$ cat run22.cif   # mmCIF, N, CA and C atoms
data_my_file
loop_
_atom_site.label_atom_id
_atom_site.label_comp_id
_atom_site.auth_asym_id
_atom_site.auth_seq_id
_atom_site.Cartn_x
_atom_site.Cartn_y
_atom_site.Cartn_z
N MET X 510 57.24 14.77 3.78
CA MET X 510 57.73 13.71 4.63
C MET X 510 59.19 14.00 4.98
N SER X 511 59.51 13.96 6.24
CA SER X 511 60.88 14.22 6.67
C SER X 511 61.72 12.95 6.53
N GLN X 512 63.00 13.16 6.33
CA GLN X 512 63.93 12.05 6.20
C GLN X 512 64.33 11.58 7.60
N PRO X 513 64.36 10.27 7.83
CA PRO X 513 64.77 9.79 9.15
C PRO X 513 66.27 10.04 9.38
N THR X 514 66.59 10.37 10.60
CA THR X 514 67.99 10.60 10.95
C THR X 514 68.67 9.27 11.26
N ILE X 515 69.98 9.28 11.29
CA ILE X 515 70.72 8.07 11.63
C ILE X 515 70.37 7.64 13.04
N SER X 516 70.26 8.59 13.97
CA SER X 516 69.93 8.22 15.35
C SER X 516 68.55 7.58 15.43
N ARG X 517 67.59 8.04 14.61
CA ARG X 517 66.26 7.42 14.62
C ARG X 517 66.33 6.00 14.06
N ARG X 518 67.13 5.82 13.03
CA ARG X 518 67.28 4.48 12.45
C ARG X 518 67.90 3.50 13.43
N LEU X 519 68.75 4.00 14.31
CA LEU X 519 69.40 3.13 15.29
C LEU X 519 68.56 2.89 16.54
N GLN X 520 67.54 3.72 16.75
CA GLN X 520 66.71 3.57 17.95
C GLN X 520 65.78 2.37 17.77
N PRO X 521 65.83 1.41 18.70
CA PRO X 521 64.95 0.26 18.58
C PRO X 521 63.50 0.64 18.85
N GLY X 522 62.60 -0.01 18.13
CA GLY X 522 61.18 0.24 18.32
C GLY X 522 60.36 -0.85 17.68
N PHE X 523 59.10 -0.89 18.03
CA PHE X 523 58.18 -1.83 17.41
C PHE X 523 56.79 -1.22 17.34
N ILE X 524 55.96 -1.79 16.49
CA ILE X 524 54.59 -1.34 16.29
C ILE X 524 53.65 -2.37 16.89
N ILE X 525 52.63 -1.88 17.59
CA ILE X 525 51.56 -2.74 18.08
C ILE X 525 50.30 -2.36 17.31
N VAL X 526 49.73 -3.32 16.60
CA VAL X 526 48.49 -3.09 15.87
C VAL X 526 47.36 -3.66 16.72
N THR X 527 46.65 -2.78 17.41
CA THR X 527 45.57 -3.20 18.31
C THR X 527 44.66 -2.02 18.62
N THR X 528 43.44 -2.33 19.01
CA THR X 528 42.53 -1.31 19.55
C THR X 528 42.30 -1.55 21.04
N ASP X 529 43.00 -2.51 21.61
CA ASP X 529 42.88 -2.87 23.02
C ASP X 529 43.86 -2.02 23.83
N ASP X 530 43.35 -1.00 24.49
CA ASP X 530 44.20 -0.08 25.25
C ASP X 530 44.94 -0.79 26.39
N ALA X 531 44.30 -1.79 27.00
CA ALA X 531 44.93 -2.48 28.13
C ALA X 531 46.17 -3.26 27.68
N ILE X 532 46.07 -4.03 26.61
CA ILE X 532 47.23 -4.81 26.15
C ILE X 532 48.31 -3.87 25.61
N ALA X 533 47.91 -2.78 24.96
CA ALA X 533 48.88 -1.82 24.46
C ALA X 533 49.67 -1.20 25.62
N ARG X 534 48.98 -0.82 26.66
CA ARG X 534 49.63 -0.23 27.84
C ARG X 534 50.57 -1.25 28.49
N GLU X 535 50.11 -2.49 28.62
CA GLU X 535 50.92 -3.55 29.22
C GLU X 535 52.20 -3.80 28.42
N LEU X 536 52.09 -3.85 27.11
CA LEU X 536 53.26 -4.09 26.25
C LEU X 536 54.22 -2.89 26.26
N LYS X 537 53.67 -1.68 26.27
CA LYS X 537 54.52 -0.48 26.33
C LYS X 537 55.30 -0.44 27.63
N GLU X 538 54.64 -0.77 28.74
CA GLU X 538 55.33 -0.78 30.03
C GLU X 538 56.41 -1.85 30.05
N ALA X 539 56.13 -3.01 29.47
CA ALA X 539 57.11 -4.09 29.43
C ALA X 539 58.31 -3.73 28.57
N ALA X 540 58.11 -2.90 27.56
CA ALA X 540 59.20 -2.51 26.66
C ALA X 540 60.18 -1.56 27.33
N GLY X 541 59.72 -0.77 28.27
CA GLY X 541 60.61 0.18 28.93
C GLY X 541 60.82 1.43 28.10
N GLU X 542 61.68 2.29 28.57
CA GLU X 542 61.88 3.61 27.95
C GLU X 542 62.86 3.60 26.79
N ASP X 543 63.67 2.56 26.67
CA ASP X 543 64.69 2.53 25.61
C ASP X 543 64.12 2.18 24.24
N TRP X 544 62.92 1.66 24.20
CA TRP X 544 62.30 1.26 22.95
C TRP X 544 61.18 2.22 22.59
N GLN X 545 61.13 2.60 21.32
CA GLN X 545 60.02 3.43 20.82
C GLN X 545 58.90 2.48 20.44
N VAL X 546 57.72 2.72 21.01
CA VAL X 546 56.57 1.86 20.75
C VAL X 546 55.46 2.70 20.12
N GLU X 547 55.00 2.27 18.97
CA GLU X 547 53.93 2.96 18.24
C GLU X 547 52.70 2.05 18.29
N VAL X 548 51.60 2.57 18.81
CA VAL X 548 50.35 1.80 18.87
C VAL X 548 49.39 2.38 17.84
N VAL X 549 48.90 1.52 16.96
CA VAL X 549 47.99 1.93 15.89
C VAL X 549 46.84 0.93 15.79
N PRO X 550 45.66 1.37 15.37
CA PRO X 550 44.53 0.44 15.21
C PRO X 550 44.66 -0.43 13.96
N ALA X 551 45.37 0.07 12.94
CA ALA X 551 45.57 -0.67 11.69
C ALA X 551 46.94 -0.28 11.15
N ILE X 552 47.58 -1.18 10.40
CA ILE X 552 48.94 -0.93 9.95
C ILE X 552 49.05 0.32 9.08
N GLU X 553 48.01 0.64 8.32
CA GLU X 553 48.09 1.84 7.48
C GLU X 553 48.17 3.12 8.31
N ASP X 554 47.82 3.06 9.59
CA ASP X 554 47.93 4.21 10.47
C ASP X 554 49.34 4.44 11.00
N ALA X 555 50.25 3.51 10.69
CA ALA X 555 51.64 3.62 11.15
C ALA X 555 52.48 4.48 10.22
N GLY X 556 51.94 4.86 9.08
CA GLY X 556 52.67 5.70 8.14
C GLY X 556 52.94 4.98 6.84
N GLU X 557 53.79 5.60 6.05
CA GLU X 557 54.19 5.01 4.77
C GLU X 557 55.10 3.81 5.02
N TRP X 558 55.29 3.00 3.99
CA TRP X 558 56.09 1.79 4.14
C TRP X 558 57.50 2.09 4.64
N ASN X 559 58.09 3.18 4.19
CA ASN X 559 59.45 3.49 4.61
C ASN X 559 59.51 3.93 6.07
N GLU X 560 58.43 4.45 6.61
CA GLU X 560 58.38 4.79 8.03
C GLU X 560 58.22 3.53 8.87
N ILE X 561 57.47 2.56 8.36
CA ILE X 561 57.29 1.29 9.06
C ILE X 561 58.61 0.53 9.15
N LEU X 562 59.46 0.69 8.14
CA LEU X 562 60.75 0.01 8.13
C LEU X 562 61.68 0.46 9.26
N LEU X 563 61.37 1.58 9.91
CA LEU X 563 62.19 2.05 11.02
C LEU X 563 62.00 1.20 12.28
N TYR X 564 61.00 0.35 12.29
CA TYR X 564 60.69 -0.47 13.46
C TYR X 564 61.24 -1.88 13.28
N ARG X 565 61.62 -2.52 14.38
CA ARG X 565 62.27 -3.83 14.34
C ARG X 565 61.28 -4.98 14.13
N PHE X 566 60.06 -4.84 14.66
CA PHE X 566 59.04 -5.87 14.48
C PHE X 566 57.67 -5.28 14.68
N ILE X 567 56.65 -6.07 14.31
CA ILE X 567 55.25 -5.66 14.42
C ILE X 567 54.51 -6.70 15.25
N LEU X 568 53.79 -6.26 16.27
CA LEU X 568 52.91 -7.13 17.03
C LEU X 568 51.49 -6.90 16.51
N LEU X 569 50.88 -7.95 16.00
CA LEU X 569 49.56 -7.86 15.38
C LEU X 569 48.53 -8.57 16.24
N ASP X 570 47.59 -7.82 16.77
CA ASP X 570 46.49 -8.37 17.57
C ASP X 570 45.46 -8.97 16.61
N LEU X 571 45.25 -10.26 16.71
CA LEU X 571 44.33 -10.95 15.80
C LEU X 571 42.87 -10.82 16.23
N GLU X 572 42.65 -10.31 17.44
CA GLU X 572 41.29 -10.20 17.96
C GLU X 572 40.78 -8.76 17.96
N GLN X 573 41.65 -7.81 18.29
CA GLN X 573 41.18 -6.45 18.50
C GLN X 573 41.98 -5.42 17.72
N GLY X 574 42.14 -5.68 16.45
CA GLY X 574 42.74 -4.69 15.56
C GLY X 574 41.63 -4.16 14.66
N ALA X 575 41.86 -3.01 14.07
CA ALA X 575 40.87 -2.48 13.12
C ALA X 575 41.04 -3.23 11.80
N GLY X 576 40.02 -3.85 11.35
CA GLY X 576 40.10 -4.58 10.09
C GLY X 576 40.45 -6.05 10.28
N ASP X 577 40.36 -6.76 9.20
CA ASP X 577 40.63 -8.18 9.17
C ASP X 577 42.14 -8.43 9.26
N PRO X 578 42.59 -9.34 10.14
CA PRO X 578 44.02 -9.58 10.27
C PRO X 578 44.67 -10.09 8.98
N VAL X 579 43.94 -10.86 8.19
CA VAL X 579 44.48 -11.33 6.91
C VAL X 579 44.76 -10.13 5.99
N GLU X 580 43.82 -9.20 5.94
CA GLU X 580 44.02 -8.00 5.12
C GLU X 580 45.19 -7.16 5.63
N GLN X 581 45.36 -7.11 6.95
CA GLN X 581 46.49 -6.37 7.51
C GLN X 581 47.81 -7.00 7.08
N LEU X 582 47.89 -8.32 7.13
CA LEU X 582 49.10 -9.02 6.70
C LEU X 582 49.34 -8.87 5.20
N GLN X 583 48.29 -8.94 4.43
CA GLN X 583 48.43 -8.76 2.99
C GLN X 583 48.95 -7.35 2.67
N ARG X 584 48.47 -6.37 3.41
CA ARG X 584 48.94 -5.00 3.20
C ARG X 584 50.44 -4.92 3.51
N ILE X 585 50.86 -5.52 4.62
CA ILE X 585 52.27 -5.49 5.02
C ILE X 585 53.14 -6.22 4.00
N ARG X 586 52.75 -7.43 3.66
CA ARG X 586 53.61 -8.30 2.83
C ARG X 586 53.49 -8.02 1.32
N ARG X 587 52.30 -7.79 0.83
CA ARG X 587 52.12 -7.66 -0.61
C ARG X 587 52.07 -6.21 -1.10
N GLU X 588 51.32 -5.38 -0.38
CA GLU X 588 51.22 -3.98 -0.83
C GLU X 588 52.48 -3.19 -0.48
N TYR X 589 52.88 -3.24 0.80
CA TYR X 589 54.07 -2.52 1.22
C TYR X 589 55.36 -3.28 0.91
N MET X 590 55.25 -4.59 0.74
CA MET X 590 56.39 -5.47 0.46
C MET X 590 57.45 -5.37 1.55
N ILE X 591 56.99 -5.44 2.78
CA ILE X 591 57.86 -5.33 3.96
C ILE X 591 58.07 -6.71 4.56
N ASN X 592 59.32 -7.01 4.88
CA ASN X 592 59.65 -8.30 5.48
C ASN X 592 59.96 -8.18 6.97
N THR X 593 59.54 -7.10 7.59
CA THR X 593 59.69 -6.93 9.03
C THR X 593 58.95 -8.06 9.74
N PRO X 594 59.55 -8.67 10.77
CA PRO X 594 58.86 -9.76 11.46
C PRO X 594 57.50 -9.33 12.01
N VAL X 595 56.49 -10.15 11.75
CA VAL X 595 55.15 -9.92 12.28
C VAL X 595 54.85 -11.03 13.27
N LEU X 596 54.68 -10.65 14.51
CA LEU X 596 54.41 -11.57 15.61
C LEU X 596 52.95 -11.37 16.00
N ALA X 597 52.14 -12.35 15.67
CA ALA X 597 50.69 -12.22 15.89
C ALA X 597 50.31 -12.87 17.21
N PHE X 598 49.27 -12.31 17.82
CA PHE X 598 48.81 -12.87 19.09
C PHE X 598 47.30 -12.83 19.17
N GLY X 599 46.76 -13.75 19.99
CA GLY X 599 45.32 -13.86 20.15
C GLY X 599 44.72 -14.69 19.04
N GLY X 600 43.42 -14.66 18.96
CA GLY X 600 42.73 -15.40 17.91
C GLY X 600 42.57 -16.87 18.24
N ASP X 601 41.90 -17.56 17.35
CA ASP X 601 41.67 -18.99 17.52
C ASP X 601 42.40 -19.76 16.43
N LYS X 602 42.28 -21.08 16.45
CA LYS X 602 42.99 -21.91 15.48
C LYS X 602 42.60 -21.56 14.05
N ALA X 603 41.34 -21.29 13.81
CA ALA X 603 40.89 -20.94 12.46
C ALA X 603 41.56 -19.65 11.98
N THR X 604 41.68 -18.67 12.86
CA THR X 604 42.35 -17.42 12.50
C THR X 604 43.83 -17.67 12.24
N TRP X 605 44.46 -18.48 13.09
CA TRP X 605 45.87 -18.80 12.91
C TRP X 605 46.09 -19.48 11.56
N ASP X 606 45.19 -20.37 11.20
CA ASP X 606 45.30 -21.06 9.91
C ASP X 606 45.16 -20.10 8.74
N ARG X 607 44.43 -19.01 8.92
CA ARG X 607 44.26 -18.00 7.86
C ARG X 607 45.45 -17.05 7.75
N VAL X 608 46.06 -16.70 8.89
CA VAL X 608 47.14 -15.71 8.86
C VAL X 608 48.52 -16.31 8.62
N ARG X 609 48.68 -17.55 8.97
CA ARG X 609 50.00 -18.18 8.80
C ARG X 609 50.48 -18.11 7.34
N PRO X 610 49.68 -18.53 6.36
CA PRO X 610 50.18 -18.45 4.97
C PRO X 610 50.29 -17.03 4.43
N GLU X 611 49.70 -16.05 5.10
CA GLU X 611 49.78 -14.65 4.66
C GLU X 611 51.01 -13.94 5.18
N GLY X 612 51.79 -14.60 6.03
CA GLY X 612 53.04 -14.00 6.45
C GLY X 612 53.21 -13.72 7.93
N ALA X 613 52.36 -14.28 8.78
CA ALA X 613 52.59 -14.16 10.22
C ALA X 613 53.79 -15.03 10.57
N ASP X 614 54.83 -14.42 11.12
CA ASP X 614 56.06 -15.16 11.40
C ASP X 614 55.95 -16.06 12.61
N ARG X 615 55.29 -15.57 13.65
CA ARG X 615 55.09 -16.37 14.87
C ARG X 615 53.69 -16.08 15.39
N LEU X 616 53.10 -17.07 16.04
CA LEU X 616 51.75 -16.94 16.59
C LEU X 616 51.78 -17.29 18.07
N PHE X 617 51.11 -16.46 18.87
CA PHE X 617 51.11 -16.65 20.32
C PHE X 617 49.71 -16.47 20.88
N GLU X 618 49.48 -17.14 21.99
CA GLU X 618 48.25 -16.92 22.74
C GLU X 618 48.29 -15.50 23.29
N ARG X 619 47.14 -14.90 23.45
CA ARG X 619 47.06 -13.54 23.98
C ARG X 619 47.71 -13.45 25.37
N SER X 620 47.51 -14.48 26.16
CA SER X 620 48.01 -14.48 27.54
C SER X 620 49.53 -14.57 27.64
N GLU X 621 50.22 -14.96 26.57
CA GLU X 621 51.67 -15.13 26.65
C GLU X 621 52.47 -14.04 25.95
N ILE X 622 51.83 -13.13 25.24
CA ILE X 622 52.58 -12.17 24.43
C ILE X 622 53.47 -11.25 25.27
N THR X 623 52.99 -10.78 26.40
CA THR X 623 53.79 -9.86 27.22
C THR X 623 55.03 -10.58 27.78
N ALA X 624 54.88 -11.83 28.18
CA ALA X 624 56.01 -12.59 28.70
C ALA X 624 57.04 -12.89 27.61
N LYS X 625 56.62 -12.98 26.36
CA LYS X 625 57.52 -13.26 25.24
C LYS X 625 58.25 -12.00 24.75
N LEU X 626 57.73 -10.83 25.07
CA LEU X 626 58.28 -9.59 24.55
C LEU X 626 59.78 -9.42 24.80
N PRO X 627 60.30 -9.68 26.00
CA PRO X 627 61.75 -9.51 26.21
C PRO X 627 62.59 -10.39 25.27
N GLU X 628 62.10 -11.55 24.94
CA GLU X 628 62.79 -12.44 24.01
C GLU X 628 62.90 -11.79 22.62
N PHE X 629 61.81 -11.21 22.15
CA PHE X 629 61.82 -10.52 20.85
C PHE X 629 62.76 -9.32 20.88
N MET X 630 62.67 -8.56 21.96
CA MET X 630 63.48 -7.36 22.07
C MET X 630 64.97 -7.70 22.09
N GLU X 631 65.33 -8.77 22.75
CA GLU X 631 66.74 -9.18 22.78
C GLU X 631 67.18 -9.66 21.39
N ALA X 632 66.37 -10.48 20.75
CA ALA X 632 66.74 -11.03 19.45
C ALA X 632 66.78 -9.96 18.36
N LEU X 633 65.90 -8.97 18.45
CA LEU X 633 65.77 -7.98 17.37
C LEU X 633 66.28 -6.60 17.77
N GLY X 634 66.95 -6.53 18.89
CA GLY X 634 67.39 -5.24 19.41
C GLY X 634 68.66 -4.68 18.82
N TRP X 635 69.37 -5.45 18.05
CA TRP X 635 70.67 -5.07 17.49
C TRP X 635 70.88 -3.60 17.63
#
$ encode --input "run22.cif" --output "structure tokens"
Amino acid sequence: MSQPTISRRLQPGFIIVTTDDAIARELKEAAGEDWQVEVVPAIEDAGEWNEILLYRFILLDLEQGAGDPVEQLQRIRREYMINTPVLAFGGDKATWDRVRPEGADRLFERSEITAKLPEFMEALGW
């Protein structure tokens, strides 16, 4: 495993956990070229915990990710012990009720996530 450089640590980026190519493409385009965007089907595909820490936030698709969203959140919060903001989108009220206590920081309708992205990028872009 290579050590991250200072310039990589300073480069803003986020992870999208989804298997939906259309929403991934839409979010990547909305992010622009200044942000590094990693699209993975499940959080374990993003690398080791220390590699995940290089990203400013995680967008978790509650409908079209590989695996159960509760298990994905448990892996992030309990196994990896990462406190990176997790912004979940999609799903229904029952799913929201399951993921909220597992560590989903914010929940959004699928239709609003792209419009909310600039707000996250500004707040977490330091």
$ resolve_selection --input "run22.cif" --expression "the PyMOL selection byres ((chain X and resi 616) around 6.5)" --output "list of chain:residue names"
X:Leu596, X:Ala597, X:Phe598, X:Gly599, X:Ala613, X:Asp614, X:Arg615, X:Phe617, X:Glu618
$ resolve_selection --input "run22.cif" --expression "the PyMOL selection byres (((chain X and resi 554-564 and name CA) around 10) and name CA)" --output "MDAnalysis selection string"
chainID X and resid 510:513 517:526 544:553 565:567 584:585 588:594 633
$ atom_distance --input "run22.cif" --atom1 "CA of Gln583 in chain X" --atom2 "CA of Asp601 in chain X"
19.0 Å
$ residues_around --input "run22.cif" --residues "Gly574 in chain X" --least-positions-apart "2" --cutoff "6.5 Å" --atoms "only N, CA and C atoms" --output "list in words"
Val526, Thr527, Thr528, Asp529, Pro550, Ala551, Asp570, Leu571, Glu572, Gly576 and Asp577 of chain X
$ select_by_dssp --input "run22.cif" --residues "chain X" --states "strand (DSSP E or B)" --output "PyMOL selection string"
chain X and resi 522-526+545-549+566-570+595-598+615-617
$ write_last_selection --input "run22.cif" --atoms "N, CA and C atoms" --output "JSON list (two decimals), in the frame of the given file"
[["chain", "number", "residue", "atom", "x", "y", "z"],
["X", 522, "GLY", "N", 62.60, -0.01, 18.13],
["X", 522, "GLY", "CA", 61.18, 0.24, 18.32],
["X", 522, "GLY", "C", 60.36, -0.85, 17.68],
["X", 523, "PHE", "N", 59.10, -0.89, 18.03],
["X", 523, "PHE", "CA", 58.18, -1.83, 17.41],
["X", 523, "PHE", "C", 56.79, -1.22, 17.34],
["X", 524, "ILE", "N", 55.96, -1.79, 16.49],
["X", 524, "ILE", "CA", 54.59, -1.34, 16.29],
["X", 524, "ILE", "C", 53.65, -2.37, 16.89],
["X", 525, "ILE", "N", 52.63, -1.88, 17.59],
["X", 525, "ILE", "CA", 51.56, -2.74, 18.08],
["X", 525, "ILE", "C", 50.30, -2.36, 17.31],
["X", 526, "VAL", "N", 49.73, -3.32, 16.60],
["X", 526, "VAL", "CA", 48.49, -3.09, 15.87],
["X", 526, "VAL", "C", 47.36, -3.66, 16.72],
["X", 545, "GLN", "N", 61.13, 2.60, 21.32],
["X", 545, "GLN", "CA", 60.02, 3.43, 20.82],
["X", 545, "GLN", "C", 58.90, 2.48, 20.44],
["X", 546, "VAL", "N", 57.72, 2.72, 21.01],
["X", 546, "VAL", "CA", 56.57, 1.86, 20.75],
["X", 546, "VAL", "C", 55.46, 2.70, 20.12],
["X", 547, "GLU", "N", 55.00, 2.27, 18.97],
["X", 547, "GLU", "CA", 53.93, 2.96, 18.24],
["X", 547, "GLU", "C", 52.70, 2.05, 18.29],
["X", 548, "VAL", "N", 51.60, 2.57, 18.81],
["X", 548, "VAL", "CA", 50.35, 1.80, 18.87],
["X", 548, "VAL", "C", 49.39, 2.38, 17.84],
["X", 549, "VAL", "N", 48.90, 1.52, 16.96],
["X", 549, "VAL", "CA", 47.99, 1.93, 15.89],
["X", 549, "VAL", "C", 46.84, 0.93, 15.79],
["X", 566, "PHE", "N", 60.06, -4.84, 14.66],
["X", 566, "PHE", "CA", 59.04, -5.87, 14.48],
["X", 566, "PHE", "C", 57.67, -5.28, 14.68],
["X", 567, "ILE", "N", 56.65, -6.07, 14.31],
["X", 567, "ILE", "CA", 55.25, -5.66, 14.42],
["X", 567, "ILE", "C", 54.51, -6.70, 15.25],
["X", 568, "LEU", "N", 53.79, -6.26, 16.27],
["X", 568, "LEU", "CA", 52.91, -7.13, 17.03],
["X", 568, "LEU", "C", 51.49, -6.90, 16.51],
["X", 569, "LEU", "N", 50.88, -7.95, 16.00],
["X", 569, "LEU", "CA", 49.56, -7.86, 15.38],
["X", 569, "LEU", "C", 48.53, -8.57, 16.24],
["X", 570, "ASP", "N", 47.59, -7.82, 16.77],
["X", 570, "ASP", "CA", 46.49, -8.37, 17.57],
["X", 570, "ASP", "C", 45.46, -8.97, 16.61],
["X", 595, "VAL", "N", 56.49, -10.15, 11.75],
["X", 595, "VAL", "CA", 55.15, -9.92, 12.28],
["X", 595, "VAL", "C", 54.85, -11.03, 13.27],
["X", 596, "LEU", "N", 54.68, -10.65, 14.51],
["X", 596, "LEU", "CA", 54.41, -11.57, 15.61],
["X", 596, "LEU", "C", 52.95, -11.37, 16.00],
["X", 597, "ALA", "N", 52.14, -12.35, 15.67],
["X", 597, "ALA", "CA", 50.69, -12.22, 15.89],
["X", 597, "ALA", "C", 50.31, -12.87, 17.21],
["X", 598, "PHE", "N", 49.27, -12.31, 17.82],
["X", 598, "PHE", "CA", 48.81, -12.87, 19.09],
["X", 598, "PHE", "C", 47.30, -12.83, 19.17],
["X", 615, "ARG", "N", 55.29, -15.57, 13.65],
["X", 615, "ARG", "CA", 55.09, -16.37, 14.87],
["X", 615, "ARG", "C", 53.69, -16.08, 15.39],
["X", 616, "LEU", "N", 53.10, -17.07, 16.04],
["X", 616, "LEU", "CA", 51.75, -16.94, 16.59],
["X", 616, "LEU", "C", 51.78, -17.29, 18.07],
["X", 617, "PHE", "N", 51.11, -16.46, 18.87],
["X", 617, "PHE", "CA", 51.11, -16.65, 20.32],
["X", 617, "PHE", "C", 49.71, -16.47, 20.88]]
$ atom_distance --input "run22.cif" --atom1 "CA of Pro610 in chain X" --atom2 "CA of Gly634 in chain X"
26.1 Å
$ atom_distance --input "run22.cif" --atom1 "CA of Leu569 in chain X" --atom2 "atom N of Ala531 in chain X"
14.1 Å
$ select_by_dssp --input "run22.cif" --residues "chain X" --states "alpha helix (DSSP H)" --output "NGL selection string"
:X and (515-519 or 530-540 or 558-561 or 578-583 or 602-608 or 622-633)
$ closest_residue --input "run22.cif" --among "X:Glu538, X:Thr623, X:Thr604, X:Glu611" --to "Leu568 in chain X" --atoms "only C-alpha atoms"
X:Thr623
$ axis_aligned_box --input "run22.cif" --around "range 584-592 of chain X" --padding-each-side "3 Å" --output "lines of an AutoDock Vina configuration file"
center_x = 54.2
center_y = -5.4
center_z = 2.9
size_x = 17.5
size_y = 11.8
size_z = 14.1
$ build_atoms --input "run22.cif" --residues "range 551-558 of chain X" --atoms "all heavy atoms" --output "PDB file, in the coordinates of the input"
ATOM      1  N   ALA X 551      45.370   0.070  12.940  1.00  0.00           N
ATOM      2  CA  ALA X 551      45.570  -0.670  11.690  1.00  0.00           C
ATOM      3  C   ALA X 551      46.940  -0.280  11.150  1.00  0.00           C
ATOM      4  O   ALA X 551      47.429   0.829  11.390  1.00  0.00           O
ATOM      5  CB  ALA X 551      44.483  -0.335  10.677  1.00  0.00           C
ATOM      6  N   ILE X 552      47.580  -1.180  10.400  1.00  0.00           N
ATOM      7  CA  ILE X 552      48.940  -0.930   9.950  1.00  0.00           C
ATOM      8  C   ILE X 552      49.050   0.320   9.080  1.00  0.00           C
ATOM      9  O   ILE X 552      50.055   1.027   9.134  1.00  0.00           O
ATOM     10  CB  ILE X 552      49.541  -2.169   9.234  1.00  0.00           C
ATOM     11  CG1 ILE X 552      51.061  -2.036   9.096  1.00  0.00           C
ATOM     12  CG2 ILE X 552      48.855  -2.427   7.900  1.00  0.00           C
ATOM     13  CD1 ILE X 552      51.819  -1.955  10.387  1.00  0.00           C
ATOM     14  N   GLU X 553      48.010   0.640   8.320  1.00  0.00           N
ATOM     15  CA  GLU X 553      48.090   1.840   7.480  1.00  0.00           C
ATOM     16  C   GLU X 553      48.170   3.120   8.310  1.00  0.00           C
ATOM     17  O   GLU X 553      48.573   4.167   7.801  1.00  0.00           O
ATOM     18  CB  GLU X 553      46.926   1.901   6.481  1.00  0.00           C
ATOM     19  CG  GLU X 553      45.562   1.816   7.089  1.00  0.00           C
ATOM     20  CD  GLU X 553      45.010   0.394   7.169  1.00  0.00           C
ATOM     21  OE1 GLU X 553      45.792  -0.574   7.152  1.00  0.00           O
ATOM     22  OE2 GLU X 553      43.778   0.264   7.267  1.00  0.00           O
ATOM     23  N   ASP X 554      47.820   3.060   9.590  1.00  0.00           N
ATOM     24  CA  ASP X 554      47.930   4.210  10.470  1.00  0.00           C
ATOM     25  C   ASP X 554      49.340   4.440  11.000  1.00  0.00           C
ATOM     26  O   ASP X 554      49.613   5.434  11.659  1.00  0.00           O
ATOM     27  CB  ASP X 554      46.957   4.068  11.646  1.00  0.00           C
ATOM     28  CG  ASP X 554      45.508   4.037  11.192  1.00  0.00           C
ATOM     29  OD1 ASP X 554      45.139   4.853  10.325  1.00  0.00           O
ATOM     30  OD2 ASP X 554      44.747   3.170  11.679  1.00  0.00           O
ATOM     31  N   ALA X 555      50.250   3.510  10.690  1.00  0.00           N
ATOM     32  CA  ALA X 555      51.640   3.620  11.150  1.00  0.00           C
ATOM     33  C   ALA X 555      52.480   4.480  10.220  1.00  0.00           C
ATOM     34  O   ALA X 555      53.625   4.778  10.535  1.00  0.00           O
ATOM     35  CB  ALA X 555      52.259   2.234  11.285  1.00  0.00           C
ATOM     36  N   GLY X 556      51.940   4.860   9.080  1.00  0.00           N
ATOM     37  CA  GLY X 556      52.670   5.700   8.140  1.00  0.00           C
ATOM     38  C   GLY X 556      52.940   4.980   6.840  1.00  0.00           C
ATOM     39  O   GLY X 556      52.416   3.903   6.581  1.00  0.00           O
ATOM     40  N   GLU X 557      53.790   5.600   6.050  1.00  0.00           N
ATOM     41  CA  GLU X 557      54.190   5.010   4.770  1.00  0.00           C
ATOM     42  C   GLU X 557      55.100   3.810   5.020  1.00  0.00           C
ATOM     43  O   GLU X 557      55.665   3.660   6.107  1.00  0.00           O
ATOM     44  CB  GLU X 557      54.922   6.063   3.930  1.00  0.00           C
ATOM     45  CG  GLU X 557      54.076   7.260   3.563  1.00  0.00           C
ATOM     46  CD  GLU X 557      52.942   6.907   2.616  1.00  0.00           C
ATOM     47  OE1 GLU X 557      53.131   6.048   1.740  1.00  0.00           O
ATOM     48  OE2 GLU X 557      51.859   7.496   2.776  1.00  0.00           O
ATOM     49  N   TRP X 558      55.290   3.000   3.990  1.00  0.00           N
ATOM     50  CA  TRP X 558      56.090   1.790   4.140  1.00  0.00           C
ATOM     51  C   TRP X 558      57.500   2.090   4.640  1.00  0.00           C
ATOM     52  O   TRP X 558      58.045   1.349   5.451  1.00  0.00           O
ATOM     53  CB  TRP X 558      56.143   1.012   2.813  1.00  0.00           C
ATOM     54  CG  TRP X 558      56.851   1.751   1.711  1.00  0.00           C
ATOM     55  CD1 TRP X 558      56.314   2.610   0.803  1.00  0.00           C
ATOM     56  CD2 TRP X 558      58.255   1.721   1.438  1.00  0.00           C
ATOM     57  NE1 TRP X 558      57.279   3.110  -0.021  1.00  0.00           N
ATOM     58  CE2 TRP X 558      58.494   2.579   0.338  1.00  0.00           C
ATOM     59  CE3 TRP X 558      59.338   1.050   2.007  1.00  0.00           C
ATOM     60  CZ2 TRP X 558      59.752   2.787  -0.187  1.00  0.00           C
ATOM     61  CZ3 TRP X 558      60.606   1.257   1.469  1.00  0.00           C
ATOM     62  CH2 TRP X 558      60.796   2.107   0.382  1.00  0.00           C
TER      63      TRP X 558
END
